[in-house]
Amino acid sequence: QHGFGMAGEARNAEVPEDVETDDCLTSYSYIYSPDLLKHGCDAVIGSRNLEKLIQASKKLTAATGRHCLPLALDVRQPETVIAAIEEALKEFGKIDILFHSIYRLYALADAAGNFLCPATSLSFNAFRTVMEIDTMGTFNTSKVVYEKWFKDHGGCIVNISATLGYRGQALQVHAGSAKAANDAMTRHLAVEWGPSGVRVNSLAPGPISGTEGYRRLGGLSAQTSGMFETIPLQRAGSKTEMAHGVLFLASQASSYVTGACLVADGGSWLTSANSLPALLGITSSKSAKL
């Protein structure tokens with residue numbers, strides 16, 4: 001059987017509202033039911049920079065009216081993760097969703113390694129740092145949350161991935177290797193923790209406008225030079241579109257989905273350039289020393 005629907009011209013599909021700054025939307029048109037997550041969510045956000053976390057939590061609370069608890073932690077140090085998870089459980093009594101936003105929706109590199117660099121110029125320490133934050137950090141937090149709550153109550157994990165490793169993206173051996181490891185981890189944990197009622201999935205963004213990486217790593221120049229015309233959907237994605245993908249994976253809309261990676265890049269990885277000489281033109285060959 002086949003079903004057909006008419007909803008205007010697909011090529012001119014409306015792009016959801018978004019903001020170019022690191023702020024919350026002032027208005028929002030729901031594409032899912034407003035109570036998809038049972039009347040919203042309180043949130044815990046964590047990273048090493050408590051000052052920025054406090055600023056972000058104030059914005060989220062003002063925009064949503066929900067409680068947002070900022071907690072300082074270093075995902076490379078399990079003891080800080082344990083302390084943060086215990087504080088979250090003390091505050092809220094449960095954890096339903098674990099969202100690893102280490103990629104932070106950057107256009108061309110992840111938060112652990114926010115740079116482009118040839119492998120020959122990449123320091124040993126730089127590569128190790130990216131793997132520790134991105135891959136070890138994802139494992140550390142997943143393991144702690146599972147042992148502290150998900151093992152007995154079920155839950156959902158959503159990891160932010162990338163398509164860099166799909167075809168060996170030049171200048172990205174550090175980020176691509178970390179994300180490839182996380183993709184494997186997503187599948188392994190989905191298999192092992194499924195019997196406990198835990199779903200584990202990931203989302204792989206493409207170039208996303210309005211992000212730090214988009215501004216710092218060539219997104220604006222790519223847009224003005226027409227490079228995005230090589231993307232099948234011929235534009236960059238938005239933060240709102242990535243949020244829609246994460247919401248799908250985190251909600252009961254995907255209740256029978258686990259071990260999957262949702263690629264949300266407009267088809268970019270299929271067609272975008274991967275020329276080492278061309279990409280070297282937008283970066284230096286200096287060693288990345290972290």
# chains A, B, ... in the order shown; residues from 1 in each chain; ligands from 1
>>> residues_around(residues="His67 (chain A)", least_positions_apart="5", cutoff="9 Å", atoms="only C-alpha atoms", output="number ranges by chain")
A: 41-44, 57, 60-61
>>> write_last_selection(atoms="C-alpha atoms", output="tab-separated table (two decimals), in the first residue's frame")
chain	number	residue	atom	x	y	z
A	41	CYS	CA	11.28	19.11	31.40
A	42	ASP	CA	13.37	20.48	34.18
A	43	ALA	CA	17.04	20.38	33.22
A	44	VAL	CA	20.54	19.98	34.56
A	57	SER	CA	20.53	28.40	33.01
A	60	LEU	CA	16.60	28.70	29.81
A	61	THR	CA	14.55	29.36	32.93
>>> residues_around(residues="region 153-157 of chain A", least_positions_apart="5", cutoff="12 Å", atoms="only C-alpha atoms", output="number ranges by chain")
A: 93-101, 138-139, 141-143, 145-148, 185-187, 189-190, 193-203, 246-252, 254-261
>>> closest_residue(among="A:Met136, A:Val75, A:Leu171, A:Ala243", to="Ser121 (chain A)", atoms="only C-alpha atoms")
A:Leu171
>>> closest_residue(among="A:Gly237, A:Pro70, A:Gly65, A:Gly267", to="His39 (chain A)", atoms="only C-alpha atoms")
A:Gly65
>>> residues_around(residues="Leu73 (chain A)", least_positions_apart="3", cutoff="12 Å", atoms="only C-alpha atoms", output="PDB file with N, CA and C atoms, in the first residue's frame")
ATOM      1  N   VAL A  44      19.227  19.794  33.936  1.00  0.00           N
ATOM      2  CA  VAL A  44      20.535  19.984  34.562  1.00  0.00           C
ATOM      3  C   VAL A  44      21.529  20.168  33.422  1.00  0.00           C
ATOM      4  N   ILE A  45      22.331  21.218  33.464  1.00  0.00           N
ATOM      5  CA  ILE A  45      23.354  21.427  32.448  1.00  0.00           C
ATOM      6  C   ILE A  45      24.712  21.443  33.135  1.00  0.00           C
ATOM      7  N   GLY A  46      25.705  20.829  32.490  1.00  0.00           N
ATOM      8  CA  GLY A  46      27.005  20.719  33.127  1.00  0.00           C
ATOM      9  C   GLY A  46      28.160  20.909  32.172  1.00  0.00           C
ATOM     10  N   SER A  47      29.201  21.571  32.632  1.00  0.00           N
ATOM     11  CA  SER A  47      30.465  21.698  31.907  1.00  0.00           C
ATOM     12  C   SER A  47      31.498  22.223  32.898  1.00  0.00           C
ATOM     13  N   ARG A  48      32.671  22.552  32.407  1.00  0.00           N
ATOM     14  CA  ARG A  48      33.725  23.014  33.304  1.00  0.00           C
ATOM     15  C   ARG A  48      33.571  24.476  33.710  1.00  0.00           C
ATOM     16  N   ASN A  49      32.880  25.270  32.883  1.00  0.00           N
ATOM     17  CA  ASN A  49      32.788  26.711  33.121  1.00  0.00           C
ATOM     18  C   ASN A  49      31.470  27.050  33.811  1.00  0.00           C
ATOM     19  N   LEU A  50      31.510  27.169  35.130  1.00  0.00           N
ATOM     20  CA  LEU A  50      30.293  27.398  35.902  1.00  0.00           C
ATOM     21  C   LEU A  50      29.681  28.764  35.586  1.00  0.00           C
ATOM     22  N   LEU A  53      27.630  28.435  32.568  1.00  0.00           N
ATOM     23  CA  LEU A  53      26.486  27.591  32.874  1.00  0.00           C
ATOM     24  C   LEU A  53      25.394  28.388  33.583  1.00  0.00           C
ATOM     25  N   PRO A  70      22.515  24.453  37.077  1.00  0.00           N
ATOM     26  CA  PRO A  70      23.868  24.425  36.494  1.00  0.00           C
ATOM     27  C   PRO A  70      24.845  23.755  37.452  1.00  0.00           C
ATOM     28  N   ARG A  76      36.012  14.237  31.899  1.00  0.00           N
ATOM     29  CA  ARG A  76      37.191  13.371  31.916  1.00  0.00           C
ATOM     30  C   ARG A  76      37.466  12.808  33.301  1.00  0.00           C
ATOM     31  N   GLN A  77      36.834  13.376  34.304  1.00  0.00           N
ATOM     32  CA  GLN A  77      37.071  12.977  35.689  1.00  0.00           C
ATOM     33  C   GLN A  77      35.792  12.360  36.260  1.00  0.00           C
ATOM     34  N   PRO A  78      35.705  11.028  36.298  1.00  0.00           N
ATOM     35  CA  PRO A  78      34.478  10.355  36.748  1.00  0.00           C
ATOM     36  C   PRO A  78      33.969  10.814  38.102  1.00  0.00           C
ATOM     37  N   GLU A  79      34.886  11.181  39.009  1.00  0.00           N
ATOM     38  CA  GLU A  79      34.438  11.591  40.339  1.00  0.00           C
ATOM     39  C   GLU A  79      33.591  12.860  40.288  1.00  0.00           C
ATOM     40  N   THR A  80      33.914  13.774  39.355  1.00  0.00           N
ATOM     41  CA  THR A  80      33.104  14.992  39.231  1.00  0.00           C
ATOM     42  C   THR A  80      31.763  14.674  38.578  1.00  0.00           C
ATOM     43  N   VAL A  81      31.756  13.700  37.677  1.00  0.00           N
ATOM     44  CA  VAL A  81      30.499  13.278  37.058  1.00  0.00           C
ATOM     45  C   VAL A  81      29.588  12.633  38.105  1.00  0.00           C
ATOM     46  N   ILE A  82      30.159  11.769  38.929  1.00  0.00           N
ATOM     47  CA  ILE A  82      29.387  11.107  39.986  1.00  0.00           C
ATOM     48  C   ILE A  82      28.766  12.150  40.921  1.00  0.00           C
ATOM     49  N   ALA A  83      29.560  13.139  41.322  1.00  0.00           N
ATOM     50  CA  ALA A  83      29.060  14.175  42.231  1.00  0.00           C
ATOM     51  C   ALA A  83      27.912  14.954  41.593  1.00  0.00           C
ATOM     52  N   ALA A  84      28.051  15.262  40.297  1.00  0.00           N
ATOM     53  CA  ALA A  84      27.013  16.030  39.603  1.00  0.00           C
ATOM     54  C   ALA A  84      25.729  15.222  39.466  1.00  0.00           C
ATOM     55  N   ILE A  85      25.838  13.948  39.119  1.00  0.00           N
ATOM     56  CA  ILE A  85      24.651  13.109  38.966  1.00  0.00           C
ATOM     57  C   ILE A  85      23.952  12.924  40.303  1.00  0.00           C
ATOM     58  N   GLU A  87      23.974  15.041  42.752  1.00  0.00           N
ATOM     59  CA  GLU A  87      23.328  16.318  43.052  1.00  0.00           C
ATOM     60  C   GLU A  87      22.048  16.482  42.239  1.00  0.00           C
ATOM     61  N   ILE A 133      37.864  14.005  26.105  1.00  0.00           N
ATOM     62  CA  ILE A 133      36.650  14.777  26.361  1.00  0.00           C
ATOM     63  C   ILE A 133      35.452  14.159  25.653  1.00  0.00           C
ATOM     64  N   GLY A 137      34.504  11.054  27.811  1.00  0.00           N
ATOM     65  CA  GLY A 137      33.478  11.825  28.505  1.00  0.00           C
ATOM     66  C   GLY A 137      32.089  11.259  28.291  1.00  0.00           C
ATOM     67  N   ASN A 140      31.936   8.005  30.312  1.00  0.00           N
ATOM     68  CA  ASN A 140      31.896   8.249  31.755  1.00  0.00           C
ATOM     69  C   ASN A 140      30.501   8.654  32.228  1.00  0.00           C
ATOM     70  N   THR A 141      29.911   9.625  31.547  1.00  0.00           N
ATOM     71  CA  THR A 141      28.596  10.099  31.978  1.00  0.00           C
ATOM     72  C   THR A 141      27.518   9.042  31.742  1.00  0.00           C
TER      73      THR A 141
END
>>> closest_residue(among="A:Pro118, A:Gly210, A:Gly245, A:Gly168", to="Asp18 (chain A)", atoms="only C-alpha atoms")
A:Gly210
>>> select_by_dssp(residues="region 5-173 of chain A", states="alpha helix (DSSP H)", output="PyMOL selection string")
chain A and resi 50-64+78-92+124-130+137-145+151-153+173
>>> write_last_selection(atoms="N, CA and C atoms", output="CSV table (one decimal), in the first residue's frame")
chain,number,residue,atom,x,y,z
A,50,LEU,N,31.5,27.2,35.1
A,50,LEU,CA,30.3,27.4,35.9
A,50,LEU,C,29.7,28.8,35.6
A,51,GLU,N,30.5,29.8,35.3
A,51,GLU,CA,30.0,31.1,35.0
A,51,GLU,C,29.1,31.1,33.8
A,52,LYS,N,29.5,30.4,32.7
A,52,LYS,CA,28.7,30.3,31.5
A,52,LYS,C,27.5,29.5,31.8
A,53,LEU,N,27.6,28.4,32.6
A,53,LEU,CA,26.5,27.6,32.9
A,53,LEU,C,25.4,28.4,33.6
A,54,ILE,N,25.8,29.2,34.5
A,54,ILE,CA,24.8,30.0,35.2
A,54,ILE,C,24.1,31.0,34.3
A,55,GLN,N,24.8,31.6,33.4
A,55,GLN,CA,24.2,32.5,32.4
A,55,GLN,C,23.2,31.7,31.5
A,56,ALA,N,23.6,30.5,31.1
A,56,ALA,CA,22.7,29.7,30.2
A,56,ALA,C,21.5,29.3,31.0
A,57,SER,N,21.7,28.9,32.2
A,57,SER,CA,20.5,28.4,33.0
A,57,SER,C,19.5,29.5,33.2
A,58,LYS,N,20.0,30.7,33.4
A,58,LYS,CA,19.1,31.9,33.6
A,58,LYS,C,18.3,32.1,32.3
A,59,LYS,N,18.9,32.0,31.1
A,59,LYS,CA,18.2,32.1,29.9
A,59,LYS,C,17.2,31.0,29.7
A,60,LEU,N,17.5,29.8,30.0
A,60,LEU,CA,16.6,28.7,29.8
A,60,LEU,C,15.4,28.8,30.8
A,61,THR,N,15.6,29.2,32.0
A,61,THR,CA,14.6,29.4,32.9
A,61,THR,C,13.6,30.5,32.5
A,62,ALA,N,14.2,31.6,32.1
A,62,ALA,CA,13.4,32.7,31.6
A,62,ALA,C,12.5,32.4,30.4
A,63,ALA,N,13.1,31.6,29.5
A,63,ALA,CA,12.4,31.2,28.3
A,63,ALA,C,11.3,30.1,28.5
A,64,THR,N,11.5,29.2,29.4
A,64,THR,CA,10.7,28.1,29.5
A,64,THR,C,9.8,28.1,30.8
A,78,PRO,N,35.7,11.0,36.3
A,78,PRO,CA,34.5,10.4,36.7
A,78,PRO,C,34.0,10.8,38.1
A,79,GLU,N,34.9,11.2,39.0
A,79,GLU,CA,34.4,11.6,40.3
A,79,GLU,C,33.6,12.9,40.3
A,80,THR,N,33.9,13.8,39.4
A,80,THR,CA,33.1,15.0,39.2
A,80,THR,C,31.8,14.7,38.6
A,81,VAL,N,31.8,13.7,37.7
A,81,VAL,CA,30.5,13.3,37.1
A,81,VAL,C,29.6,12.6,38.1
A,82,ILE,N,30.2,11.8,38.9
A,82,ILE,CA,29.4,11.1,40.0
A,82,ILE,C,28.8,12.2,40.9
A,83,ALA,N,29.6,13.1,41.3
A,83,ALA,CA,29.1,14.2,42.2
A,83,ALA,C,27.9,15.0,41.6
A,84,ALA,N,28.1,15.3,40.3
A,84,ALA,CA,27.0,16.0,39.6
A,84,ALA,C,25.7,15.2,39.5
A,85,ILE,N,25.8,13.9,39.1
A,85,ILE,CA,24.7,13.1,39.0
A,85,ILE,C,24.0,12.9,40.3
A,86,GLU,N,24.7,12.7,41.4
A,86,GLU,CA,24.1,12.6,42.7
A,86,GLU,C,23.4,13.9,43.1
A,87,GLU,N,24.0,15.0,42.8
A,87,GLU,CA,23.3,16.3,43.1
A,87,GLU,C,22.0,16.5,42.2
A,88,ALA,N,22.1,16.1,41.0
A,88,ALA,CA,20.9,16.1,40.1
A,88,ALA,C,19.7,15.3,40.7
A,89,LEU,N,20.1,14.1,41.1
A,89,LEU,CA,19.1,13.1,41.7
A,89,LEU,C,18.5,13.7,43.0
A,90,LYS,N,19.4,14.3,43.8
A,90,LYS,CA,19.0,14.9,45.0
A,90,LYS,C,18.0,16.1,44.7
A,91,GLU,N,18.2,16.8,43.7
A,91,GLU,CA,17.4,18.0,43.4
A,91,GLU,C,16.1,17.6,42.7
A,92,PHE,N,16.1,16.6,41.8
A,92,PHE,CA,14.9,16.3,41.0
A,92,PHE,C,14.3,14.9,41.3
A,124,PHE,N,50.4,15.0,19.7
A,124,PHE,CA,49.8,13.9,20.4
A,124,PHE,C,48.9,14.3,21.5
A,125,ASN,N,49.2,15.4,22.2
A,125,ASN,CA,48.4,15.8,23.3
A,125,ASN,C,47.0,16.3,22.8
A,126,ALA,N,47.0,17.0,21.6
A,126,ALA,CA,45.7,17.5,21.1
A,126,ALA,C,44.8,16.3,20.7
A,127,PHE,N,45.3,15.3,20.1
A,127,PHE,CA,44.5,14.1,19.7
A,127,PHE,C,44.0,13.5,21.0
A,128,ARG,N,44.8,13.3,22.0
A,128,ARG,CA,44.4,12.6,23.2
A,128,ARG,C,43.3,13.4,23.9
A,129,THR,N,43.5,14.8,24.0
A,129,THR,CA,42.5,15.6,24.6
A,129,THR,C,41.1,15.5,24.0
A,130,VAL,N,41.1,15.5,22.7
A,130,VAL,CA,39.8,15.3,22.0
A,130,VAL,C,39.1,14.0,22.4
A,137,GLY,N,34.5,11.1,27.8
A,137,GLY,CA,33.5,11.8,28.5
A,137,GLY,C,32.1,11.3,28.3
A,138,THR,N,31.8,10.8,27.1
A,138,THR,CA,30.5,10.2,26.8
A,138,THR,C,30.3,8.9,27.5
A,139,PHE,N,31.4,8.1,27.5
A,139,PHE,CA,31.3,6.8,28.3
A,139,PHE,C,31.1,7.1,29.8
A,140,ASN,N,31.9,8.0,30.3
A,140,ASN,CA,31.9,8.2,31.8
A,140,ASN,C,30.5,8.7,32.2
A,141,THR,N,29.9,9.6,31.5
A,141,THR,CA,28.6,10.1,32.0
A,141,THR,C,27.5,9.0,31.7
A,142,SER,N,27.6,8.3,30.6
A,142,SER,CA,26.6,7.3,30.3
A,142,SER,C,26.7,6.2,31.4
A,143,LYS,N,27.9,5.8,31.8
A,143,LYS,CA,28.1,4.7,32.8
A,143,LYS,C,27.5,5.1,34.1
A,144,VAL,N,27.8,6.4,34.5
A,144,VAL,CA,27.4,6.8,35.8
A,144,VAL,C,25.9,7.0,35.9
A,145,VAL,N,25.3,7.6,34.9
A,145,VAL,CA,23.8,7.7,34.9
A,145,VAL,C,23.1,6.4,34.9
A,151,LYS,N,19.6,1.9,35.2
A,151,LYS,CA,19.6,0.5,35.4
A,151,LYS,C,18.3,-0.1,36.0
A,152,ASP,N,17.8,0.7,36.9
A,152,ASP,CA,16.6,0.2,37.6
A,152,ASP,C,15.3,0.9,37.1
A,153,HIS,N,15.4,2.0,36.4
A,153,HIS,CA,14.3,2.8,36.0
A,153,HIS,C,14.1,3.0,34.5
A,173,VAL,N,40.9,14.3,11.6
A,173,VAL,CA,41.1,13.0,12.1
A,173,VAL,C,40.8,12.9,13.6
>>> atom_distance(atom1="CA of Leu164 (chain A)", atom2="CA of Gly206 (chain A)")
9.4 Å
>>> closest_residue(among="A:Thr135, A:Gln234, A:Ser123, A:Ser177", to="Asp265 (chain A)", atoms="only C-alpha atoms")
A:Gln234
>>> closest_residue(among="A:Trp269, A:Ser221, A:Ser275, A:Ser238", to="Glu17 (chain A)", atoms="only C-alpha atoms")
A:Ser238
>>> atom_distance(atom1="CA of Asp183 (chain A)", atom2="CA of Ala72 (chain A)")
26.0 Å
>>> residues_around(residues="Ala204 (chain A)", least_positions_apart="3", cutoff="8 Å", atoms="only C-alpha atoms", output="count of residues only")
9
>>> residues_around(residues="Glu229 (chain A)", least_positions_apart="4", cutoff="12 Å", atoms="only C-alpha atoms", output="ChimeraX atom specification")
/A:222-225,233-236,266-268,271-273
>>> write_last_selection(atoms="N, CA and C atoms", output="PDB file, in the first residue's frame")
ATOM      1  N   ALA A 222      31.643  30.316   3.645  1.00  0.00           N
ATOM      2  CA  ALA A 222      31.083  29.259   2.796  1.00  0.00           C
ATOM      3  C   ALA A 222      29.711  29.644   2.283  1.00  0.00           C
ATOM      4  N   GLN A 223      28.941  30.292   3.125  1.00  0.00           N
ATOM      5  CA  GLN A 223      27.603  30.711   2.728  1.00  0.00           C
ATOM      6  C   GLN A 223      27.649  31.784   1.643  1.00  0.00           C
ATOM      7  N   THR A 224      28.503  32.805   1.850  1.00  0.00           N
ATOM      8  CA  THR A 224      28.558  33.907   0.889  1.00  0.00           C
ATOM      9  C   THR A 224      29.211  33.504  -0.432  1.00  0.00           C
ATOM     10  N   SER A 225      30.086  32.485  -0.393  1.00  0.00           N
ATOM     11  CA  SER A 225      30.762  32.056  -1.619  1.00  0.00           C
ATOM     12  C   SER A 225      29.952  31.045  -2.425  1.00  0.00           C
ATOM     13  N   LEU A 233      20.132  20.150  -0.022  1.00  0.00           N
ATOM     14  CA  LEU A 233      19.097  21.109   0.376  1.00  0.00           C
ATOM     15  C   LEU A 233      19.564  22.552   0.252  1.00  0.00           C
ATOM     16  N   GLN A 234      20.816  22.760  -0.172  1.00  0.00           N
ATOM     17  CA  GLN A 234      21.366  24.055  -0.573  1.00  0.00           C
ATOM     18  C   GLN A 234      21.319  25.137   0.505  1.00  0.00           C
ATOM     19  N   ARG A 235      21.532  24.753   1.737  1.00  0.00           N
ATOM     20  CA  ARG A 235      21.594  25.722   2.827  1.00  0.00           C
ATOM     21  C   ARG A 235      22.193  25.063   4.064  1.00  0.00           C
ATOM     22  N   ALA A 236      22.546  25.895   5.034  1.00  0.00           N
ATOM     23  CA  ALA A 236      22.961  25.387   6.327  1.00  0.00           C
ATOM     24  C   ALA A 236      21.717  25.025   7.143  1.00  0.00           C
ATOM     25  N   GLY A 266      21.169  17.894   5.796  1.00  0.00           N
ATOM     26  CA  GLY A 266      20.715  18.330   4.476  1.00  0.00           C
ATOM     27  C   GLY A 266      21.314  17.537   3.338  1.00  0.00           C
ATOM     28  N   GLY A 267      21.911  16.389   3.646  1.00  0.00           N
ATOM     29  CA  GLY A 267      22.592  15.593   2.629  1.00  0.00           C
ATOM     30  C   GLY A 267      24.022  16.023   2.389  1.00  0.00           C
ATOM     31  N   SER A 268      24.542  16.883   3.281  1.00  0.00           N
ATOM     32  CA  SER A 268      25.861  17.494   3.079  1.00  0.00           C
ATOM     33  C   SER A 268      26.979  16.484   2.923  1.00  0.00           C
ATOM     34  N   THR A 271      27.723  15.026  -0.626  1.00  0.00           N
ATOM     35  CA  THR A 271      28.120  15.822  -1.791  1.00  0.00           C
ATOM     36  C   THR A 271      29.176  16.886  -1.529  1.00  0.00           C
ATOM     37  N   SER A 272      29.422  17.257  -0.272  1.00  0.00           N
ATOM     38  CA  SER A 272      30.333  18.370   0.000  1.00  0.00           C
ATOM     39  C   SER A 272      31.776  18.004  -0.315  1.00  0.00           C
ATOM     40  N   ALA A 273      32.561  19.019  -0.618  1.00  0.00           N
ATOM     41  CA  ALA A 273      33.947  18.813  -1.028  1.00  0.00           C
ATOM     42  C   ALA A 273      34.774  18.212   0.102  1.00  0.00           C
TER      43      ALA A 273
END
